[in-house]
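Visitor: Take this structure first; my questions come after.
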Protein chains: 2
Amino acid sequence: MPSRQQLIQQIKQKKSFLCVGLDTDIEKIPRFLLDFDDPVFEFNRQIINATHDLCVSYKPNSAFYESRGVKGLQSLAKTWQHLPAETLNIIDAKRGDLGNTTDMYAKAFFDQAASGVSFDAITLSPYMGTDSVTPYLKYDGKWIIVLGLTSNPGSKDFQYLVNKGGYLYEEVVKKAVTWAGADRIMFVVGATKSTEFTNIRKYAPDNFLLVPGVGAQGGSLADVCQYGMNSDCGLIVNASRSIIYASNERDFADAARAEAIKLQQEMKVELEKAGVI
Amino acid sequence: MPSRQQLIQQIKQKKSFLCVGLDTDIEKIPRFLLDFDDPVFEFNRQIINATHDLCVSYKPNSAFYESRGVKGLQSLAKTWQHLPAETLNIIDAKRGDLGNTTDMYAKAFFDQAASGVSFDAITLSPYMGTDSVTPYLKYDGKWIIVLGLTSNPGSKDFQYLVNKGGYLYEEVVKKAVTWAGADRIMFVVGATKSTEFTNIRKYAPDNFLLVPGVGAQGGSLADVCQYGMNSDCGLIVNASRSIIYASNERDFADAARAEAIKLQQEMKVELEKAGVI
């Protein structure tokens with residue numbers, strides 16, 4: 001479980017701020033994997049083995065595992081066990097509930113003895129406010145990643161509502177930075193809205209921002225870096241489908257590696273341009 | 001899976017609009033149950049058997065099952081199988097994610113072939129907007145229950161932010177009623193804020209409102225009914241801890257039944273007062 005300093009160090013060493021999203025859909029993985037006992041785990045295992053020197057984070061999307069019930073949770077637990085110790089291992093769960101329920105979600109994702117997994121970080125929805133978030137912070141060293149601005153069409157419906165203090169997503173960031181420091185809290189910021197990074201950086205200059213939507217979802221890495229990067233990098237950029245489904249044949253892991261290298265090379269240029277490395 | 005009309009009919013027959021919340025915590029159930037193969041399921045089974053003629057809905061809280069990993073999901077699937085066909089069986093999951101991920105959550109909770117369970121309704125967080133909600137509506141006859149106003153302390157942080165159109169929770173309700181009719185959409189409305197029902201009824205006169213927070217969380221049933229009830233009842237009031245943990249001994253199911261009867265009797269009075277029955 002990397003601390004903020006360890007994460008920064010890893011970014012500098014690997015010259016990468018890539019997160020590989022493990023949105024593993026059993027209907028989309030190469031057919032030959034269906035002969036394995038646990039095809040989803042085998043897919044993830046090979047993807048992880050092929051990319052771990054190129055990325056600083058992995059992010060399984062909980063929904064893809066939950067959709068298969070008990071079998072899916074077994075694949076998730078095996079995947080978690082196979083994740084490298086040095087990467088920031090995020091469960092993309094977007095939970096948000098009140099106090100005593102949040103304690104249960106924290107066990108589900110942070111307490112190996114209870115649930116079989118213990119991720120380093122979890123994504124959270126802020127709608128229910130402070131007590132839907134703070135119970136996760138009781139777990140020493142674990143991170144929370146609060147939804148700020150998302151990149152989906154529906155983000156316009158509420159996140160851009162204007163209050164006296166600004167947009168709703170700005171209110172969320174302003175409040176969330178009071179919950180803990182930049183060593184515990186990150187924000188999800190959708191990459192298709194690059195100019196909005198400036199707004200978010202006003203309130204969260206030091207926090208890492210988890211950026212989905214580069215790659216298959218179409219955001220521009222250069223724009224994200226121009227507006228979102230800080231002197232520590234301060235960005236983790238996720239790519240899921242563009243990497244993990246680069247090939248649907250026996251060479252899928254090599255193809256995933258090739259895609260990860262492409263992104264890592266672009267990231268290296270951005271890190272140099274910004275003087276981080 | 002009850003339709004709106006079937007739900008209304010059931011309320012009139014049972015003279016109850018009670019939902020029993022199955023927030024089953026293995027650390028809180030009677031100790032003697034630990035001798036069973038699946039103590040959580042055995043607890044739920046006895047609670048359901050003791051209350052099904054007094055309530056119109058059950059609501060397992062997903063977090064409590066997820067906290068125990070694979071074992072917890074197995075208990076949830078067995079519990080789902082034991083739920084009566086006539087009651088509205090809600091999974092309290094408060095999910096909210098973008099399009100393709102939402103499809104996966106819909107499978108997780110609505111598609112028995114995929115995940116082992118198929119609840120009638122799911123609670124959803126609206127922060128990510130339209131496309132985080134509408135994929136669930138593809139499942140014929142299933143309900144979505146959108147978080148409007150919650151009753152936890154943190155609800156003040158964002159739900160009460162003022163936009164030009166009103167409070168954020170009002171914007172949520174106004175938008176959500178455009179997604180589908182009152183036969184598919186309900187709202188979660190926290191019972192400790194009774195006067196706010198008037199605001200919500202302005203935009204959602206016909207929708208059922210799922211009201212947590214009566215009982216252990218301290219809301220008043222009379223206030224909820226005064227401000228929230230419509231001519232079809234239009235309310236489902238949840239009680240969890242006050243019913244399921246009424247006793248911690250071998251008589252827990254009888255004690256739960258006694259608590260459920262108390263609430264049902266109060267509900268009968270309210271239904272009569274409002275002329276619903």
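For the structure tokens, the naming scheme is as follows: chains receive sequential letters (A, B, ...) according to their order of presentation, residues are indexed from 1 within each chain, and ligands are indexed from 1 in presentation order.
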As JSON, numbers by chain, could you give me every residue of chain B near chain A (at most 6 Å apart, counting only C-alpha atoms)?
Guide: {"B": [63, 64, 66, 67, 68, 69, 70, 104, 105, 107, 108, 114, 115, 128, 129, 130, 131, 154, 155, 157, 162, 163]}
Visitor: Which residues are near segment 38-47 of chain B? Cut-off 6 Å, only C-alpha atoms, ignore same chain within fewer than 5 positions. Put them as an NGL selection string.
Guide: :B and (33 or 75 or 79 or 253)
Visitor: Could you tell me how far atom CA of Tyr203 of chain B sits from atom CA of Pro60 of chain B, in Å to one decimal place?
Guide: 28.2 Å
Visitor: Within segment 84-272 of chain B, find each residue whose DSSP state, derived from the backbone, is alpha helix (DSSP H), and express the selection as a VMD selection string.
Guide: chain B and resid 99 to 110 112 to 115 155 to 158 168 to 176 196 to 203 221 to 228 241 to 244 252 to 272
Visitor: By how many Å are atom CA of Val188 of chain A and atom CA of Ile236 of chain A apart?
Guide: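 Atom CA of Ile236 of chain A lies at a distance of 9.5 Å from atom CA of Val188 of chain A.
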Visitor: Identify, on the basis of only C-alpha atoms, every residue whose closest approach to segment 82-86 of chain A does not exceed 7 Å; exclude the query and any residue fewer than 2 positions from it along the same chain; express the result as a list in words.
Guide: Met1, Pro2, Arg45, Lys78, Thr79, Trp80 and Leu88 of chain A
Visitor: Going by DSSP on the backbone, which bits of segment 44-105 of chain B are strand (DSSP E or B)? Write them as a list of chain:residue names, please.
Guide: B:Ser57, B:Tyr58, B:Lys59, B:Pro60, B:Asn61, B:Leu88, B:Asn89, B:Ile90, B:Ile91, B:Asp92, B:Ala93, B:Lys94, B:Arg95
Visitor: Let's have the selection written as a PDB file, in the first residue's frame, with N, CA and C atoms.
Guide:
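The file below, result19.pdb, is the result:
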```
ATOM      1  N   SER B  57     -42.881  -5.268   2.080  1.00  0.00           N
ATOM      2  CA  SER B  57     -41.578  -5.134   1.436  1.00  0.00           C
ATOM      3  C   SER B  57     -40.475  -5.631   2.361  1.00  0.00           C
ATOM      4  N   TYR B  58     -39.421  -6.179   1.752  1.00  0.00           N
ATOM      5  CA  TYR B  58     -38.188  -6.482   2.484  1.00  0.00           C
ATOM      6  C   TYR B  58     -37.042  -5.758   1.808  1.00  0.00           C
ATOM      7  N   LYS B  59     -36.061  -5.379   2.615  1.00  0.00           N
ATOM      8  CA  LYS B  59     -34.942  -4.621   2.048  1.00  0.00           C
ATOM      9  C   LYS B  59     -33.617  -5.069   2.646  1.00  0.00           C
ATOM     10  N   PRO B  60     -32.995  -6.085   2.064  1.00  0.00           N
ATOM     11  CA  PRO B  60     -31.638  -6.416   2.511  1.00  0.00           C
ATOM     12  C   PRO B  60     -30.685  -5.276   2.144  1.00  0.00           C
ATOM     13  N   ASN B  61     -29.825  -4.930   3.072  1.00  0.00           N
ATOM     14  CA  ASN B  61     -28.814  -3.894   2.831  1.00  0.00           C
ATOM     15  C   ASN B  61     -27.549  -4.592   2.327  1.00  0.00           C
ATOM     16  N   LEU B  88     -42.508  -6.447  -2.169  1.00  0.00           N
ATOM     17  CA  LEU B  88     -41.542  -5.709  -2.984  1.00  0.00           C
ATOM     18  C   LEU B  88     -40.164  -5.937  -2.368  1.00  0.00           C
ATOM     19  N   ASN B  89     -39.335  -6.675  -3.070  1.00  0.00           N
ATOM     20  CA  ASN B  89     -38.047  -7.068  -2.507  1.00  0.00           C
ATOM     21  C   ASN B  89     -36.945  -6.161  -3.048  1.00  0.00           C
ATOM     22  N   ILE B  90     -36.497  -5.274  -2.158  1.00  0.00           N
ATOM     23  CA  ILE B  90     -35.582  -4.189  -2.537  1.00  0.00           C
ATOM     24  C   ILE B  90     -34.167  -4.559  -2.126  1.00  0.00           C
ATOM     25  N   ILE B  91     -33.213  -4.376  -3.017  1.00  0.00           N
ATOM     26  CA  ILE B  91     -31.820  -4.453  -2.594  1.00  0.00           C
ATOM     27  C   ILE B  91     -31.343  -3.015  -2.346  1.00  0.00           C
ATOM     28  N   ASP B  92     -30.925  -2.775  -1.119  1.00  0.00           N
ATOM     29  CA  ASP B  92     -30.455  -1.436  -0.764  1.00  0.00           C
ATOM     30  C   ASP B  92     -28.972  -1.376  -1.094  1.00  0.00           C
ATOM     31  N   ALA B  93     -28.661  -0.860  -2.273  1.00  0.00           N
ATOM     32  CA  ALA B  93     -27.286  -0.934  -2.785  1.00  0.00           C
ATOM     33  C   ALA B  93     -26.711   0.446  -3.063  1.00  0.00           C
ATOM     34  N   LYS B  94     -27.561   1.436  -3.268  1.00  0.00           N
ATOM     35  CA  LYS B  94     -27.134   2.827  -3.490  1.00  0.00           C
ATOM     36  C   LYS B  94     -26.016   2.933  -4.522  1.00  0.00           C
ATOM     37  N   ARG B  95     -26.167   2.192  -5.620  1.00  0.00           N
ATOM     38  CA  ARG B  95     -25.176   2.247  -6.669  1.00  0.00           C
ATOM     39  C   ARG B  95     -25.352   3.499  -7.508  1.00  0.00           C
TER      40      ARG B  95
END
```
Visitor: In Å, with one decimal, what is the gap from atom CA of Asp254 of chain A to atom CA of Leu76 of chain A?
Guide: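 Interatomic distance, atom CA of Asp254 of chain A to atom CA of Leu76 of chain A: 22.3 Å.
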